[in-house]
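Note sheet for the following structure.
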Amino acid sequence: MRYVIYIFMLLLMISCRHRSQSPSVLNKTASVTLPGDLPENPLMLHAITSAIYPKDSITTVLYGNDIAYAHAARKTDGSYPAGTVLYEVAWKQQADEQWFGANVPQLIKQIERVEVVSGDTTCYTLFQGDIPRKAEHQKDDAQRTAFILGRKMLVSP
């Protein structure tokens, strides 16, 4: 009986050592480590909804500040109060090395920021390029702004 316990302890120690030497599963290339011109890290805000576009191999997540998140949980009409900040983050997909047939985010392709200044006044900014990200333009792109403001919160059962 004593030998069984020793063998079990030896196997337990070997398995623990193997796990601690396994490669990191954190996807650092899909993170915002250097924000560049971004006023804040959008990945640290609340996730509101997501979408996958398999034809283009793109994954997107809509993030929002506290005001946007609280409002999105109550309303679905696309109107947001002043002080709302939304980020649409788009990643190029890559095959997951850990799970056959799955895709994971690779590099951030672009980040779009919509800020609601007042009732009908919004500010749209597109961030592209390698890290650090640079603001491409700060004009009001009405079509993209309407799309981002019209996204509904993801509902989970």
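As shown in the structure tokens, the chain order sets the letters A, B, ...; within each chain, residues go from 1, and ligands are also counted from 1 in the order they appear.
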Which of region 48-142 of chain A end up as helix (DSSP H, G or I) when DSSP is run on this backbone - answer as an mmCIF file with N, CA and C atoms, in the first residue's frame?
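Generated file (out_3.cif):
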```cif
data_model
loop_
_atom_site.group_PDB
_atom_site.id
_atom_site.type_symbol
_atom_site.label_atom_id
_atom_site.label_comp_id
_atom_site.auth_asym_id
_atom_site.auth_seq_id
_atom_site.Cartn_x
_atom_site.Cartn_y
_atom_site.Cartn_z
ATOM 1 N N ASP A 66 -18.774 52.798 -19.026
ATOM 2 C CA ASP A 66 -19.853 52.482 -18.083
ATOM 3 C C ASP A 66 -21.195 53.035 -18.546
ATOM 4 N N ILE A 67 -21.198 54.245 -19.087
ATOM 5 C CA ILE A 67 -22.438 54.872 -19.553
ATOM 6 C C ILE A 67 -23.030 54.067 -20.708
ATOM 7 N N ALA A 68 -22.198 53.691 -21.665
ATOM 8 C CA ALA A 68 -22.665 52.932 -22.828
ATOM 9 C C ALA A 68 -23.188 51.559 -22.414
ATOM 10 N N TYR A 69 -22.478 50.902 -21.517
ATOM 11 C CA TYR A 69 -22.872 49.559 -21.094
ATOM 12 C C TYR A 69 -24.218 49.581 -20.362
ATOM 13 N N ALA A 70 -24.378 50.522 -19.444
ATOM 14 C CA ALA A 70 -25.635 50.627 -18.697
ATOM 15 C C ALA A 70 -26.790 50.957 -19.632
ATOM 16 N N HIS A 71 -26.545 51.825 -20.598
ATOM 17 C CA HIS A 71 -27.608 52.220 -21.535
ATOM 18 C C HIS A 71 -27.950 51.073 -22.491
ATOM 19 N N ALA A 72 -26.953 50.364 -22.983
ATOM 20 C CA ALA A 72 -27.191 49.255 -23.917
ATOM 21 C C ALA A 72 -27.989 48.134 -23.265
ATOM 22 N N ALA A 73 -27.854 47.964 -21.963
ATOM 23 C CA ALA A 73 -28.601 46.923 -21.256
ATOM 24 C C ALA A 73 -30.087 47.265 -21.159
ATOM 25 N N ARG A 74 -30.412 48.554 -21.214
ATOM 26 C CA ARG A 74 -31.809 48.980 -21.076
ATOM 27 C C ARG A 74 -32.477 49.288 -22.408
ATOM 28 N N ALA A 142 -20.714 59.166 -41.058
ATOM 29 C CA ALA A 142 -22.103 58.928 -40.654
ATOM 30 C C ALA A 142 -22.516 57.467 -40.808
#
```
If we count only C-alpha atoms, what is near Pro54 (chain A) at a cut-off of 12 Å, once residues fewer than 2 positions away on the same chain are taken out, given as number ranges by chain?
A: 51-52, 56-60, 91-94, 102-104
Just list the residues in region 50-94 of chain A DSSP gives strand (DSSP E or B) on the backbone, as a list in words.
Ser50, Ala51, Ile52, Tyr53, Ile58, Thr59, Thr60, Val61, Leu62, Tyr63, Gly64, Val85, Leu86, Tyr87, Glu88, Val89, Ala90, Trp91, Lys92, Gln93 and Gln94 of chain A
Write a file of the just-selected residues containing N, CA and C atoms, as a PDB file, in the first residue's frame.
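Output below, filename part00.pdb:
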```pdb
ATOM      1  N   SER A  50     -20.483  41.111 -30.068  1.00  0.00           N
ATOM      2  CA  SER A  50     -19.409  40.666 -30.942  1.00  0.00           C
ATOM      3  C   SER A  50     -19.992  40.130 -32.234  1.00  0.00           C
ATOM      4  N   ALA A  51     -19.145  39.985 -33.229  1.00  0.00           N
ATOM      5  CA  ALA A  51     -19.560  39.436 -34.522  1.00  0.00           C
ATOM      6  C   ALA A  51     -18.369  38.755 -35.175  1.00  0.00           C
ATOM      7  N   ILE A  52     -18.670  37.740 -35.984  1.00  0.00           N
ATOM      8  CA  ILE A  52     -17.651  37.035 -36.748  1.00  0.00           C
ATOM      9  C   ILE A  52     -18.047  37.102 -38.213  1.00  0.00           C
ATOM     10  N   TYR A  53     -17.096  37.487 -39.052  1.00  0.00           N
ATOM     11  CA  TYR A  53     -17.309  37.561 -40.500  1.00  0.00           C
ATOM     12  C   TYR A  53     -16.389  36.536 -41.156  1.00  0.00           C
ATOM     13  N   ILE A  58     -12.609  37.914 -40.168  1.00  0.00           N
ATOM     14  CA  ILE A  58     -12.557  39.033 -39.231  1.00  0.00           C
ATOM     15  C   ILE A  58     -13.452  38.727 -38.024  1.00  0.00           C
ATOM     16  N   THR A  59     -12.968  39.077 -36.840  1.00  0.00           N
ATOM     17  CA  THR A  59     -13.748  39.029 -35.612  1.00  0.00           C
ATOM     18  C   THR A  59     -13.824  40.450 -35.070  1.00  0.00           C
ATOM     19  N   THR A  60     -15.009  40.882 -34.641  1.00  0.00           N
ATOM     20  CA  THR A  60     -15.146  42.218 -34.058  1.00  0.00           C
ATOM     21  C   THR A  60     -15.813  42.123 -32.694  1.00  0.00           C
ATOM     22  N   VAL A  61     -15.455  43.053 -31.826  1.00  0.00           N
ATOM     23  CA  VAL A  61     -16.091  43.184 -30.518  1.00  0.00           C
ATOM     24  C   VAL A  61     -16.368  44.667 -30.307  1.00  0.00           C
ATOM     25  N   LEU A  62     -17.586  44.957 -29.842  1.00  0.00           N
ATOM     26  CA  LEU A  62     -17.960  46.328 -29.505  1.00  0.00           C
ATOM     27  C   LEU A  62     -17.793  46.500 -28.003  1.00  0.00           C
ATOM     28  N   TYR A  63     -16.936  47.446 -27.621  1.00  0.00           N
ATOM     29  CA  TYR A  63     -16.697  47.752 -26.213  1.00  0.00           C
ATOM     30  C   TYR A  63     -17.289  49.114 -25.906  1.00  0.00           C
ATOM     31  N   GLY A  64     -17.672  49.325 -24.650  1.00  0.00           N
ATOM     32  CA  GLY A  64     -18.207  50.619 -24.252  1.00  0.00           C
ATOM     33  C   GLY A  64     -17.833  50.972 -22.827  1.00  0.00           C
ATOM     34  N   VAL A  85     -18.923  56.386 -24.879  1.00  0.00           N
ATOM     35  CA  VAL A  85     -17.773  56.103 -25.718  1.00  0.00           C
ATOM     36  C   VAL A  85     -17.849  54.632 -26.113  1.00  0.00           C
ATOM     37  N   LEU A  86     -17.851  54.371 -27.422  1.00  0.00           N
ATOM     38  CA  LEU A  86     -17.899  53.015 -27.962  1.00  0.00           C
ATOM     39  C   LEU A  86     -16.667  52.762 -28.819  1.00  0.00           C
ATOM     40  N   TYR A  87     -16.147  51.541 -28.752  1.00  0.00           N
ATOM     41  CA  TYR A  87     -15.017  51.122 -29.575  1.00  0.00           C
ATOM     42  C   TYR A  87     -15.405  49.857 -30.324  1.00  0.00           C
ATOM     43  N   GLU A  88     -15.256  49.878 -31.626  1.00  0.00           N
ATOM     44  CA  GLU A  88     -15.429  48.681 -32.449  1.00  0.00           C
ATOM     45  C   GLU A  88     -14.018  48.204 -32.808  1.00  0.00           C
ATOM     46  N   VAL A  89     -13.603  47.078 -32.228  1.00  0.00           N
ATOM     47  CA  VAL A  89     -12.267  46.539 -32.441  1.00  0.00           C
ATOM     48  C   VAL A  89     -12.374  45.346 -33.385  1.00  0.00           C
ATOM     49  N   ALA A  90     -11.591  45.366 -34.468  1.00  0.00           N
ATOM     50  CA  ALA A  90     -11.622  44.296 -35.472  1.00  0.00           C
ATOM     51  C   ALA A  90     -10.273  43.599 -35.516  1.00  0.00           C
ATOM     52  N   TRP A  91     -10.310  42.266 -35.438  1.00  0.00           N
ATOM     53  CA  TRP A  91      -9.113  41.436 -35.511  1.00  0.00           C
ATOM     54  C   TRP A  91      -9.154  40.566 -36.748  1.00  0.00           C
ATOM     55  N   LYS A  92      -8.016  40.331 -37.337  1.00  0.00           N
ATOM     56  CA  LYS A  92      -7.855  39.303 -38.360  1.00  0.00           C
ATOM     57  C   LYS A  92      -7.798  37.966 -37.620  1.00  0.00           C
ATOM     58  N   GLN A  93      -8.440  36.930 -38.161  1.00  0.00           N
ATOM     59  CA  GLN A  93      -8.453  35.623 -37.506  1.00  0.00           C
ATOM     60  C   GLN A  93      -7.264  34.776 -37.927  1.00  0.00           C
ATOM     61  N   GLN A  94      -6.887  33.839 -37.061  1.00  0.00           N
ATOM     62  CA  GLN A  94      -5.866  32.847 -37.369  1.00  0.00           C
ATOM     63  C   GLN A  94      -6.322  31.512 -36.780  1.00  0.00           C
TER      64      GLN A  94
END
```
Closest of A:Leu45, A:Thr122, A:Met9, A:Gln128 to Leu107 (chain A) - atom-to-atom distances counting only C-alpha atoms
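Ranking A:Leu45, A:Thr122, A:Met9, A:Gln128 by distance to Leu107 (chain A), first place goes to A:Gln128.
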Atom pair CA of Lys75 (chain A) / CA of Asp141 (chain A): separation (Å):
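Calculated distance between CA of Lys75 (chain A) and CA of Asp141 (chain A) is 23.2 Å.
Counting only C-alpha atoms, the residue from A:Ser156, A:Gln110, A:Ser79, A:Ser118 that sits nearest to Ala135 (chain A) is A:Gln110.
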Between CA of Ile108 (chain A) and CA of Ala82 (chain A), what is the distance, to one decimal in Å?
27.7 Å
